[in-house]
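This is entry-v3.cif (mmCIF, C-alpha atoms).
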```cif
data_protein
#
loop_
_atom_site.label_atom_id
_atom_site.label_comp_id
_atom_site.auth_asym_id
_atom_site.auth_seq_id
_atom_site.Cartn_x
_atom_site.Cartn_y
_atom_site.Cartn_z
CA MET A 1329 246.20 26.50 51.00
CA GLU A 1330 242.69 26.82 49.58
CA ASN A 1331 241.95 24.41 46.76
CA ARG A 1332 240.31 26.11 43.79
CA VAL A 1333 239.45 24.39 40.54
CA ASN A 1334 240.11 26.12 37.22
CA LEU A 1335 237.49 25.58 34.54
CA GLU A 1336 237.44 26.08 30.81
CA ILE A 1337 234.04 25.39 29.29
CA ASP A 1338 233.72 24.94 25.54
CA GLY A 1339 230.39 23.14 25.17
CA MET A 1340 227.52 23.13 27.61
CA LYS A 1341 228.06 22.57 31.30
CA LYS A 1342 226.06 22.61 34.49
CA ALA A 1343 228.22 23.02 37.58
CA ALA A 1344 227.62 23.31 41.30
CA GLY A 1345 228.30 26.56 43.14
CA GLY A 1346 231.50 26.79 45.18
CA ASN A 1347 235.02 28.13 45.07
CA TYR A 1348 236.71 28.33 41.69
CA GLY A 1349 240.01 29.70 40.43
CA ASN A 1350 240.07 30.92 36.83
CA VAL A 1351 236.91 30.20 34.89
CA VAL A 1352 236.62 30.73 31.14
CA ILE A 1353 233.31 30.16 29.38
CA HIS A 1354 233.44 29.80 25.60
CA GLY A 1355 230.21 27.87 25.34
CA SER A 1356 227.32 27.89 27.77
CA ALA A 1357 227.56 27.34 31.52
CA LYS A 1358 225.19 27.33 34.44
CA PHE A 1359 226.34 27.40 38.07
CA GLU A 1360 223.81 26.17 40.60
CA GLY A 1361 224.48 28.00 43.86
CA ASN A 1362 226.70 30.74 45.21
CA CYS A 1363 230.07 31.12 43.49
CA ASN A 1364 233.35 32.51 44.70
CA ILE A 1365 235.61 32.88 41.69
CA LEU A 1366 239.03 34.46 41.34
CA SER A 1367 238.64 35.41 37.71
CA LEU A 1368 235.74 34.84 35.36
CA LEU A 1369 235.91 35.40 31.61
CA VAL A 1370 232.71 34.92 29.64
CA HIS A 1371 232.93 34.72 25.86
CA GLY A 1372 229.79 32.62 25.54
CA ALA A 1373 226.82 32.58 27.91
CA GLY A 1374 226.95 32.21 31.68
CA LYS A 1375 224.28 31.99 34.34
CA ILE A 1376 224.81 31.95 38.08
CA GLU A 1377 221.87 30.80 40.16
CA GLY A 1378 223.07 32.40 43.37
CA ASN A 1379 225.47 35.09 44.54
CA LEU A 1380 228.68 35.85 42.71
CA ASP A 1381 231.78 36.95 44.56
CA ALA A 1382 234.81 37.51 42.34
CA LYS A 1383 238.02 39.47 42.02
CA GLU A 1384 237.79 40.11 38.32
CA VAL A 1385 235.08 39.48 35.78
CA GLN A 1386 235.08 40.22 32.07
CA VAL A 1387 231.93 39.67 30.06
CA ASN A 1388 232.34 39.57 26.30
CA GLY A 1389 229.31 37.38 25.75
CA SER A 1390 226.41 37.35 28.21
CA LEU A 1391 226.16 36.77 31.93
CA LYS A 1392 223.19 36.63 34.24
CA VAL A 1393 223.53 36.60 38.01
CA GLU A 1394 220.41 35.74 39.97
CA GLY A 1395 221.75 36.77 43.38
CA ASN A 1396 223.93 39.56 44.71
CA THR A 1397 227.17 40.34 42.90
CA GLN A 1398 230.37 41.51 44.53
CA ILE A 1399 233.31 42.00 42.18
CA LYS A 1400 236.47 44.03 42.52
CA LYS A 1401 236.89 44.81 38.84
CA LEU A 1402 234.11 44.29 36.33
CA LEU A 1403 234.44 44.84 32.58
CA ILE A 1404 231.38 44.41 30.41
CA ALA A 1405 231.83 44.40 26.66
CA GLY A 1406 228.90 42.07 26.10
CA GLU A 1407 225.72 41.99 28.15
CA MET A 1408 225.23 41.44 31.84
CA LYS A 1409 222.05 41.26 33.88
CA CYS A 1410 222.07 41.41 37.67
CA GLU A 1411 219.04 40.24 39.60
CA GLY A 1412 220.48 41.37 42.92
CA ASP A 1413 222.65 44.16 44.28
CA LEU A 1414 225.85 44.82 42.37
CA LYS A 1415 228.87 46.04 44.33
CA THR A 1416 232.19 46.67 42.62
CA GLU A 1417 235.24 48.85 42.92
CA LYS A 1418 235.80 49.49 39.22
CA LEU A 1419 233.07 49.06 36.66
CA HIS A 1420 233.58 49.62 32.94
CA VAL A 1421 230.63 49.09 30.65
CA SER A 1422 231.18 49.19 26.92
CA GLY A 1423 228.36 46.74 26.30
CA VAL A 1424 225.07 46.64 28.20
CA LEU A 1425 224.46 46.35 31.93
CA LYS A 1426 220.96 45.88 33.30
CA SER A 1427 220.10 45.77 36.94
CA ASP A 1428 216.44 46.56 37.24
CA GLU A 1429 215.39 47.00 40.82
CA TYR A 1430 218.67 46.61 42.69
CA VAL A 1431 221.43 48.99 43.73
CA MET A 1432 224.65 49.42 41.82
CA TYR A 1433 227.58 50.49 44.02
CA ALA A 1434 231.11 51.21 42.81
CA ASP A 1435 234.05 53.47 43.44
CA GLU A 1436 234.32 54.30 39.75
CA ILE A 1437 231.92 53.68 36.89
CA ILE A 1438 232.78 54.34 33.26
CA VAL A 1439 230.01 53.81 30.74
CA ASP A 1440 230.81 53.77 27.05
CA GLY A 1441 227.90 51.43 26.37
CA VAL A 1442 224.47 51.33 27.99
CA ILE A 1443 223.49 51.10 31.62
CA LYS A 1444 219.91 50.59 32.83
CA ASN A 1445 218.91 50.62 36.43
CA GLU A 1446 215.62 51.21 38.23
CA ASN A 1447 217.16 51.74 41.65
CA GLU A 1448 220.25 53.63 42.79
CA ILE A 1449 223.60 53.97 41.04
CA ASN A 1450 226.06 55.13 43.68
CA ALA A 1451 229.73 55.82 42.94
CA ASP A 1452 232.43 58.33 43.76
CA HIS A 1453 233.03 59.04 40.11
CA ILE A 1454 230.64 58.26 37.28
CA VAL A 1455 231.53 59.00 33.67
CA VAL A 1456 228.96 58.30 30.97
CA HIS A 1457 229.87 58.61 27.32
CA GLY A 1458 227.35 56.03 26.20
CA LYS A 1459 223.77 56.02 27.42
CA VAL A 1460 222.19 55.85 30.84
CA LYS A 1461 218.65 55.23 32.03
CA ALA A 1462 218.33 55.18 35.77
CA GLN A 1463 216.06 56.01 38.66
CA SER A 1464 218.76 57.78 40.66
CA MET A 1465 222.46 58.52 40.39
CA VAL A 1466 224.36 59.68 43.45
CA GLY A 1467 227.99 60.25 44.31
CA ASP A 1468 230.77 62.76 44.24
CA ARG A 1469 231.53 63.62 40.59
CA ILE A 1470 229.13 62.71 37.83
CA GLU A 1471 229.88 63.44 34.18
CA ILE A 1472 227.21 62.61 31.66
CA ALA A 1473 228.32 63.33 28.15
CA THR A 1474 227.61 62.09 24.69
CA SER A 1475 229.44 61.82 21.44
CA LYS A 1476 226.24 61.93 19.36
CA LEU A 1477 225.27 65.55 19.26
CA ASP A 1478 225.34 66.01 15.48
CA PHE A 1479 221.68 65.59 14.85
CA GLY A 1480 221.59 66.74 11.26
CA LEU A 1481 220.05 69.84 9.80
CA PHE A 1482 216.38 69.12 10.48
CA ALA A 1483 216.63 66.57 13.28
CA LYS A 1484 215.16 67.40 16.67
CA PRO A 1485 217.70 67.49 19.48
CA GLU A 1486 217.48 64.24 21.37
CA ARG A 1487 217.76 63.81 25.09
CA ILE A 1488 219.78 60.68 25.28
CA HIS A 1489 220.09 60.13 29.00
CA ARG A 1490 217.22 59.78 31.44
CA VAL A 1491 217.86 59.88 35.15
CA ASN A 1492 215.01 60.81 37.44
CA TRP A 1493 217.05 61.94 40.37
CA ILE A 1494 220.70 63.05 40.67
CA GLU A 1495 222.51 64.02 43.86
CA CYS A 1496 226.23 64.69 43.88
CA THR A 1497 228.90 67.22 44.69
CA ASN A 1498 229.73 68.09 41.10
CA LEU A 1499 227.62 67.38 38.03
CA GLN A 1500 228.37 67.94 34.35
CA ALA A 1501 225.64 66.81 32.00
CA THR A 1502 224.74 66.89 28.33
CA ALA A 1503 221.53 65.72 26.66
CA LEU A 1504 220.02 64.74 29.99
CA LYS A 1505 216.37 64.54 30.96
CA CYS A 1506 216.00 64.66 34.70
CA GLU A 1507 213.31 65.42 37.27
CA SER A 1508 215.51 66.64 40.09
CA ILE A 1509 219.17 67.56 40.51
CA SER A 1510 220.76 68.42 43.85
CA ALA A 1511 224.43 69.30 43.68
CA HIS A 1512 226.98 71.82 44.83
CA ASP A 1513 228.16 72.73 41.31
CA VAL A 1514 226.14 71.97 38.20
CA THR A 1515 227.08 72.39 34.54
CA LEU A 1516 224.30 71.68 32.07
CA SER A 1517 225.52 71.60 28.49
CA LYS A 1518 223.44 71.17 25.33
CA TYR A 1519 219.87 69.92 25.31
CA CYS A 1520 219.30 69.19 28.99
CA LYS A 1521 215.78 69.30 30.38
CA VAL A 1522 215.55 69.42 34.15
CA ASP A 1523 212.39 70.02 36.19
CA LYS A 1524 214.11 71.14 39.36
CA VAL A 1525 217.68 72.09 40.28
CA TYR A 1526 218.89 72.62 43.82
CA CYS A 1527 222.37 74.08 43.67
CA ASP A 1528 224.23 76.03 46.34
CA GLY A 1529 227.42 76.64 44.34
CA THR A 1530 227.63 77.53 40.66
CA LEU A 1531 225.01 76.66 38.07
CA THR A 1532 226.38 76.91 34.53
CA TYR A 1533 223.93 76.26 31.72
CA ASP A 1534 223.70 76.33 27.97
CA ALA A 1535 221.00 78.39 26.27
CA SER A 1536 219.54 75.22 24.77
CA CYS A 1537 218.70 73.81 28.23
CA GLN A 1538 215.23 73.86 29.76
CA ILE A 1539 215.26 74.29 33.51
CA GLY A 1540 212.07 74.41 35.60
CA MET A 1541 212.60 75.47 39.19
CA ILE A 1542 215.94 76.62 40.64
CA GLU A 1543 216.56 76.54 44.40
CA GLY A 1544 219.57 77.12 46.65
CA ASN A 1545 220.53 80.56 45.37
CA PRO A 1546 223.40 79.50 43.09
CA THR A 1547 225.72 81.75 41.09
CA MET A 1548 224.27 81.53 37.58
CA ILE A 1549 226.42 81.52 34.45
CA GLU A 1550 224.95 81.25 30.98
CA ARG A 1551 227.20 80.21 28.15
CA MET B 446 212.65 63.33 65.01
CA THR B 447 214.03 63.58 61.49
CA ILE B 448 216.32 65.87 59.54
CA THR B 449 216.31 66.45 55.78
CA LYS B 450 219.35 65.75 53.67
CA LYS B 451 219.96 69.40 52.85
CA GLU B 452 219.74 70.40 56.52
CA LEU B 453 222.11 67.60 57.41
CA LEU B 454 224.72 68.61 54.85
CA LYS B 455 224.53 72.21 55.97
CA LEU B 456 224.75 71.31 59.65
CA THR B 457 227.65 68.88 59.38
CA GLY B 458 229.52 70.49 56.47
CA ILE B 459 229.85 67.24 54.54
CA SER B 460 229.26 66.90 50.80
CA TYR B 461 226.88 64.67 48.87
CA GLY B 462 229.92 62.69 47.78
CA GLN B 463 230.96 61.95 51.35
CA LEU B 464 227.44 61.08 52.43
CA TYR B 465 226.96 58.58 49.63
CA ARG B 466 230.48 57.16 49.97
CA TRP B 467 229.74 56.45 53.63
CA LYS B 468 226.42 54.89 52.71
CA ARG B 469 228.15 52.67 50.16
CA SER B 470 230.78 51.63 52.68
CA GLY B 471 228.14 50.67 55.24
CA LEU B 472 229.18 53.43 57.63
CA ILE B 473 225.68 54.86 57.44
CA PRO B 474 222.99 52.17 57.39
CA GLU B 475 220.78 52.19 54.30
CA GLU B 476 217.67 52.07 56.47
CA TRP B 477 218.51 55.53 57.83
CA PHE B 478 217.84 56.96 54.35
CA ILE B 479 214.09 57.34 54.64
CA LYS B 480 212.32 58.46 51.46
CA ARG B 481 209.14 60.45 51.82
CA SER B 482 207.05 62.47 49.45
CA SER B 483 207.25 66.26 49.52
CA TYR B 484 205.57 69.09 47.63
CA THR B 485 208.34 69.01 45.03
CA GLY B 486 208.32 65.25 44.61
CA GLN B 487 210.44 63.20 46.96
CA GLU B 488 212.94 63.95 49.69
CA THR B 489 215.19 61.91 51.96
CA VAL B 490 215.16 62.33 55.70
CA PHE B 491 217.25 60.74 58.46
CA PRO B 492 216.71 59.93 62.12
CA LYS B 493 218.26 63.16 63.41
CA ASP B 494 220.08 62.15 66.59
CA LYS B 495 221.48 58.93 65.18
CA ILE B 496 222.81 60.39 61.94
CA ILE B 497 224.39 63.41 63.60
CA GLU B 498 226.10 61.21 66.18
CA ARG B 499 227.27 58.79 63.49
CA ILE B 500 228.71 61.55 61.29
CA ALA B 501 230.50 63.04 64.29
CA THR B 502 232.02 59.61 65.02
CA ILE B 503 233.11 59.15 61.39
CA GLN B 504 234.63 62.62 61.25
CA GLU B 505 236.49 61.98 64.49
CA LEU B 506 237.90 58.62 63.40
CA LYS B 507 238.33 58.99 59.63
CA ASP B 508 241.87 60.30 59.83
CA GLN B 509 242.97 57.44 62.07
CA TYR B 510 241.41 54.53 60.19
CA SER B 511 240.73 53.61 56.57
CA LEU B 512 237.13 53.51 55.36
CA GLU B 513 237.30 49.73 55.30
CA VAL B 514 238.39 49.48 58.93
CA LEU B 515 235.87 52.11 59.97
CA SER B 516 233.19 50.18 58.18
CA GLN B 517 234.13 47.05 60.14
CA MET B 518 233.92 49.06 63.33
CA LEU B 519 230.67 50.89 62.73
CA SER B 520 228.61 48.64 60.53
CA THR B 521 226.33 46.76 62.88
CA GLN B 522 225.45 44.11 60.33
CA LYS B 523 229.07 43.22 59.68
CA VAL B 524 230.19 43.17 63.25
CA SER B 525 227.33 42.08 65.49
CA LYS B 526 227.81 38.34 64.95
CA SER B 527 231.59 38.42 64.69
CA MET B 528 233.49 36.72 67.49
CA MET B 529 235.49 38.77 69.95
CA ASN B 530 238.93 37.98 71.29
CA GLU B 531 238.07 37.04 74.88
CA THR B 532 241.66 36.94 76.06
CA LEU B 533 242.09 40.52 74.95
CA LEU B 534 238.81 41.59 76.56
CA GLU B 535 239.96 40.02 79.81
CA LYS B 536 243.48 41.40 79.58
CA GLU B 537 242.27 44.93 78.94
CA ARG B 538 239.73 44.52 81.77
CA ILE B 539 236.96 45.79 79.54
CA LEU B 540 234.21 43.59 80.92
CA ASP B 541 233.26 42.61 84.43
CA GLY B 542 234.17 38.95 85.00
CA ASN B 543 231.10 38.18 87.11
CA LEU B 544 228.73 39.61 84.54
CA VAL B 545 230.47 37.67 81.77
CA ALA B 546 230.12 34.42 83.71
CA LEU B 547 226.48 35.13 84.48
CA TYR B 548 225.69 36.05 80.86
CA LYS B 549 227.39 32.94 79.52
CA GLU B 550 225.55 30.75 82.00
CA VAL B 551 222.12 32.14 81.17
CA PHE B 552 222.61 32.23 77.41
CA GLU B 553 224.63 28.98 77.37
CA LYS B 554 227.46 30.60 75.45
CA GLU B 555 231.01 29.42 74.96
CA GLY B 556 232.40 32.23 72.81
CA MET B 557 231.36 35.87 72.78
CA THR B 558 230.06 37.76 69.77
CA TYR B 559 230.29 41.52 69.56
CA GLN B 560 226.59 41.71 70.39
CA ASP B 561 227.16 39.74 73.63
CA THR B 562 230.10 41.96 74.50
CA LEU B 563 228.08 45.10 73.94
CA LEU B 564 225.18 43.89 76.10
CA ILE B 565 227.52 43.06 78.97
CA TYR B 566 229.27 46.40 78.53
CA ALA B 567 225.88 48.13 78.73
CA PHE B 568 224.79 46.13 81.79
CA MET B 569 227.98 47.17 83.58
CA SER B 570 226.71 50.74 83.61
CA ILE B 571 223.68 49.75 85.73
CA GLN B 572 225.43 47.41 88.11
CA ASP B 573 224.98 49.85 91.01
CA ASP B 574 221.21 49.82 90.52
CA ILE B 575 220.62 46.20 89.59
CA LYS B 576 222.50 43.56 91.50
CA LEU B 577 223.83 40.37 89.91
CA LYS B 578 221.09 38.15 91.32
CA GLU B 579 218.35 40.41 89.98
CA MET B 580 220.13 40.69 86.65
CA LYS B 581 220.22 36.90 86.39
CA THR B 582 216.44 36.71 86.88
CA ILE B 583 215.86 39.44 84.30
CA LEU B 584 218.10 37.76 81.71
CA LYS B 585 216.51 34.36 82.31
CA GLU B 586 212.98 35.72 81.95
CA ASN B 587 213.85 37.68 78.81
CA LYS B 588 216.26 35.25 77.20
CA ASN B 589 214.15 34.59 74.09
CA ALA B 590 213.30 38.23 73.54
CA MET B 591 216.93 39.26 73.83
CA MET B 592 218.09 36.51 71.52
CA SER B 593 215.69 37.73 68.85
CA MET B 594 217.31 41.19 68.69
CA ASP B 595 218.84 41.31 65.22
CA SER B 596 220.53 44.71 65.38
CA PHE B 597 221.42 47.47 67.82
CA ASP B 598 218.31 49.46 66.98
CA TYR B 599 216.75 48.63 70.33
CA VAL B 600 216.34 50.31 73.67
CA LEU B 601 216.29 48.27 76.87
CA TRP B 602 214.13 49.83 79.55
CA PHE B 603 214.63 48.58 83.07
CA LEU B 604 211.51 49.39 85.07
CA TYR B 605 211.37 49.29 88.87
CA ILE B 606 207.86 48.25 89.90
CA GLU B 607 206.89 47.09 93.39
CA LYS B 608 210.48 46.54 94.44
CA LYS B 609 211.33 44.42 91.44
CA TRP B 610 213.15 45.18 88.19
CA TYR B 611 211.49 44.30 84.90
CA LEU B 612 212.80 44.59 81.35
CA LEU B 613 210.95 46.16 78.45
CA ILE B 614 212.52 46.13 74.98
CA THR B 615 211.44 48.65 72.35
CA ARG B 616 212.65 49.57 68.89
CA ALA B 617 214.96 52.60 69.01
CA THR B 618 212.53 54.60 66.92
CA ASN B 619 209.69 54.16 69.42
CA ASP B 620 209.21 56.41 72.42
CA LEU B 621 208.17 55.00 75.76
CA LEU B 622 205.23 56.84 77.21
CA ILE B 623 204.85 55.58 80.72
CA ASP B 624 203.67 56.69 84.16
CA SER B 625 206.23 59.14 85.45
CA ARG B 626 206.13 57.53 88.94
CA ILE B 627 207.83 54.42 87.64
CA HIS B 628 211.58 54.56 88.10
CA LYS B 629 213.25 53.56 84.83
CA ILE B 630 216.75 53.15 83.40
CA LYS B 631 217.26 53.47 79.67
CA ILE B 632 219.89 51.58 77.70
CA ASP B 633 220.02 52.69 74.08
CA LEU B 634 222.13 50.03 72.36
CA ASN B 635 223.03 52.30 69.47
CA GLN B 636 224.55 54.82 71.86
CA TYR B 637 226.52 52.15 73.70
CA ASN B 638 227.65 50.76 70.35
CA GLU B 639 229.07 54.14 69.26
CA GLN B 640 230.64 54.65 72.69
CA PHE B 641 232.23 51.20 72.83
CA LYS B 642 233.70 51.45 69.36
CA LYS B 643 235.16 54.85 70.00
CA GLN B 644 236.63 53.78 73.34
CA TYR B 645 238.00 50.42 72.20
CA ALA B 646 238.70 51.03 68.50
CA SER B 647 241.87 48.92 68.71
CA LEU B 648 239.80 45.75 69.30
CA PHE B 649 238.39 45.79 65.77
#
```
If you convert what's in this file into structure tokens, what do you get?
Amino acid sequence: MENRVNLEIDGMKKAAGGNYGNVVIHGSAKFEGNCNILSLLVHGAGKIEGNLDAKEVQVNGSLKVEGNTQIKKLLIAGEMKCEGDLKTEKLHVSGVLKSDEYVMYADEIIVDGVIKNENEINADHIVVHGKVKAQSMVGDRIEIATSKLDFGLFAKPERIHRVNWIECTNLQATALKCESISAHDVTLSKYCKVDKVYCDGTLTYDASCQIGMIEGNPTMIER
Amino acid sequence: MTITKKELLKLTGISYGQLYRWKRSGLIPEEWFIKRSSYTGQETVFPKDKIIERIATIQELKDQYSLEVLSQMLSTQKVSKSMMNETLLEKERILDGNLVALYKEVFEKEGMTYQDTLLIYAFMSIQDDIKLKEMKTILKENKNAMMSMDSFDYVLWFLYIEKKWYLLITRATNDLLIDSRIHKIKIDLNQYNEQFKKQYASLF
């Protein structure tokens, strides 16, 4: 049977890369090299100078991965920065996730916090209740909503989410600023501003939305 | 020749969701998503023949295998360096024993990767034209070039010039413009890869 070491780090520790069992970081830890970890829980600060391969990771503090990251289930309540591709099955962000120029792949992404990405976010199902800033979002069903639409009497409506390019089968969006959307069915709720929509199914839009060009001859419904 | 994403979806009847799921799973290589600028900003195009053939293969096999298994079968990066079960190859009589022996001798191999298997499988289709002795010379003379092939995105051109066979290797995306008097045999490794995996899916 494979021998994996469990680690619980309270102070500061520098460790070599390798195979680990359950790792809990309360203090500050740096792993030098690629890591294969069964479960990683970060309450303090963690840094991995290599690739991270794990079954389950929960970040309550902060974690930085300098290589590619492959995790089955990733929960981020604190802050995580990926300096390589991030591939997961389930991703839940209630804190902050940054992955500047690398891809973010998952089966399901739920964002209650903030997600920033300058490359491609690709998932079957993406639900955003928090805030997203991304170059492109692609997948099957994408729901971009917000709970902060009460702007006050004289406040200007704010476009909270910015995604340059969206391609999916079904899109529902609120408060989104986007250059181009291509989807089968599109529902644009309050305060969306989109330069171009290609839709070959149904395009439902709110009167407060600004839409530039529409292609694909969709069935249009205003509500 | 390329095809745009919208044309592809219309032609094959798949959705954006499926296309991107297959990309994520490695069933469609990322390098086939070619971004280019258009009058409305940016659009994605694909190498037409390859993507249509790949989608047809996925649609044919997706009910028989899980995405994970299919990905193992079709992803060239994952599978090209993986070792094959030689006993099974021999038992199923998939490869020609003489060609296997010759290949192993020239390339000084003990085990067989999928890439080795595929090359031998492809060479079997030209055995009537190129005899074993000639094949040995070709492999010896092109050993380094063949060993540097890092994917299946290559075409092997066997050219018959002055009663001798020569090998020319090009990238799959490049055409070969050559004197029409030269007799040539084309081996497109991508095509053989699709064919082999469809025919012997149980090996993966």
Dump as a PDB file with C-alpha atoms, in the coordinates of the input the residues of chain B that approach chain A to within 9 Å, counting all atoms listed in the file.
```pdb
ATOM      1  CA  SER B 460     229.260  66.900  50.800  1.00  0.00           C
ATOM      2  CA  TYR B 461     226.880  64.670  48.870  1.00  0.00           C
ATOM      3  CA  GLY B 462     229.920  62.690  47.780  1.00  0.00           C
ATOM      4  CA  GLN B 463     230.960  61.950  51.350  1.00  0.00           C
ATOM      5  CA  LEU B 464     227.440  61.080  52.430  1.00  0.00           C
ATOM      6  CA  TYR B 465     226.960  58.580  49.630  1.00  0.00           C
ATOM      7  CA  ARG B 466     230.480  57.160  49.970  1.00  0.00           C
ATOM      8  CA  ARG B 469     228.150  52.670  50.160  1.00  0.00           C
ATOM      9  CA  THR B 485     208.340  69.010  45.030  1.00  0.00           C
ATOM     10  CA  GLY B 486     208.320  65.250  44.610  1.00  0.00           C
TER      11      GLY B 486
END
```
message = Here's the selection I'm unsure about, the PyMOL selection byres ((chain A and resi 1389) around 6); applied to the file above, which residues does it give, as a list in words?
response =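 On the file shown, the PyMOL selection byres ((chain A and resi 1389) around 6) covers Val1370, His1371, Gly1372, Ala1373, Val1387, Asn1388, Ser1390 and Gly1406 of chain A.
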query = Expressed in Å to a single decimal, how great is the separation between CA of Ala1357 in chain A and CA of Lys1342 in chain A?
reply =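 Computing the Euclidean distance for CA of Ala1357 in chain A and CA of Lys1342 in chain A yields 5.8 Å.
Comparing the minimum interatomic distances between Thr618 in chain B and each of B:Leu453, B:Leu512, B:Met446, B:Leu563, counting all atoms listed in the file, we find that B:Met446 sits nearest.
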inquiry  = Quick check, in Å to one decimal: how far apart do CA of Glu1407 in chain A and CA of Lys1392 in chain A lie?
reply    =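 Interatomic distance here is 8.5 Å.
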remark   = With distances taken over all atoms listed in the file, the candidate from B:Gln487, B:Ile500, B:Tyr645, B:Leu519 nearest Leu540 in chain B is B:Tyr645
ask   = Selected by the PyMOL selection byres ((chain A and resi 1416) around 12) in the shown coordinates: which residues, as number ranges by chain?
value = A: 1380-1385, 1396-1403, 1413-1415, 1417-1420, 1431-1437, 1449-1452; B: 469-470
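Comparing A:Gly1339, A:Leu1368, A:Lys1505, A:Ser1464 by their smallest distance to Ser1356 in chain A, the closest is A:Gly1339 (using only C-alpha atoms).
This file, filtered with the PyMOL selection byres ((chain B and resi 630) around 12), gives the residues Ala567, Phe568, Ser570, Ile571, Gln572, Asp573, Asp574, Ile575, Val600, Leu601, Trp602, Phe603, Leu604, Tyr605, Trp610, Tyr611, Leu612, Leu613, Ile614, Leu621, Ile627, His628, Lys629, Lys631, Ile632 and Asp633 of chain B.
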inquiry  = as a PyMOL selection string, please: the residues near Leu648 in chain B (cut-off 12 Å, all atoms listed in the file, same-chain neighbours under 5 positions excluded).
reply    = chain B and resi 514-515+517-518+524+527-537+539+559+562+641-643
query = Can you tell me, as a PyMOL selection string, what residues are no more than 7 Å from Gly1529 in chain A when counting all atoms listed in the file, ignoring any on the same chain fewer than 3 positions away?
reply = chain A and resi 1512-1513+1546-1547
key: Between CA of Lys1444 in chain A and CA of Ile1539 in chain A, distance in Å (one decimal)   =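 These atoms are spaced 24.2 Å apart.
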Report, as JSON, the centre and edge lengths in Å (one decimal) of the axis-aligned box enclosing every listed atom of range 509-515 of chain B, padded by 8 Å on each side.
```
{"center_x": 239.4, "center_y": 53.5, "center_z": 58.7, "size_x": 23.1, "size_y": 24.0, "size_z": 22.8}
```
ask   = From the list A:Val1460, A:Ala1473, A:Ala1405, A:Leu1335, which residue is nearest Arg1490 in chain A when using only C-alpha atoms?
value =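 Of A:Val1460, A:Ala1473, A:Ala1405, A:Leu1335, the one nearest Arg1490 in chain A is A:Val1460, counting only C-alpha atoms.
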Produce range 1436-1446 of chain A of the given structure as output with N, CA, C and O atoms, as a compact mmCIF listing (two decimals), in the first residue's frame.
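Below is the file part37.txt, written as the result:
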```txt
# COMPACT_ATOMS: atom_id res chain seq x y z
N GLU A 1436 -18.71 21.63 -12.60
CA GLU A 1436 -19.67 22.57 -12.01
C GLU A 1436 -18.92 23.66 -11.24
O GLU A 1436 -18.02 23.36 -10.47
N ILE A 1437 -19.31 24.89 -11.50
CA ILE A 1437 -18.69 26.01 -10.77
C ILE A 1437 -19.79 26.84 -10.12
O ILE A 1437 -20.74 27.26 -10.79
N ILE A 1438 -19.67 27.04 -8.82
CA ILE A 1438 -20.61 27.92 -8.12
C ILE A 1438 -19.81 29.06 -7.50
O ILE A 1438 -18.84 28.81 -6.76
N VAL A 1439 -20.19 30.27 -7.84
CA VAL A 1439 -19.42 31.42 -7.35
C VAL A 1439 -20.33 32.31 -6.50
O VAL A 1439 -21.25 32.95 -7.00
N ASP A 1440 -20.06 32.30 -5.20
CA ASP A 1440 -20.76 33.24 -4.32
C ASP A 1440 -19.82 34.39 -3.99
O ASP A 1440 -20.25 35.42 -3.49
N GLY A 1441 -18.54 34.18 -4.25
CA GLY A 1441 -17.54 35.21 -3.99
C GLY A 1441 -17.12 35.89 -5.28
O GLY A 1441 -17.96 36.34 -6.06
N VAL A 1442 -15.82 35.90 -5.53
CA VAL A 1442 -15.28 36.60 -6.70
C VAL A 1442 -14.38 35.66 -7.49
O VAL A 1442 -13.57 34.93 -6.92
N ILE A 1443 -14.51 35.70 -8.80
CA ILE A 1443 -13.65 34.89 -9.64
C ILE A 1443 -13.07 35.79 -10.73
O ILE A 1443 -13.80 36.57 -11.35
N LYS A 1444 -11.75 35.74 -10.90
CA LYS A 1444 -11.09 36.56 -11.92
C LYS A 1444 -10.23 35.68 -12.79
O LYS A 1444 -9.41 34.89 -12.28
N ASN A 1445 -10.43 35.80 -14.07
CA ASN A 1445 -9.66 34.95 -14.98
C ASN A 1445 -9.47 35.66 -16.31
O ASN A 1445 -10.42 36.24 -16.84
N GLU A 1446 -8.26 35.60 -16.84
CA GLU A 1446 -8.00 36.29 -18.11
C GLU A 1446 -7.96 35.31 -19.27
O GLU A 1446 -7.57 35.66 -20.37
```
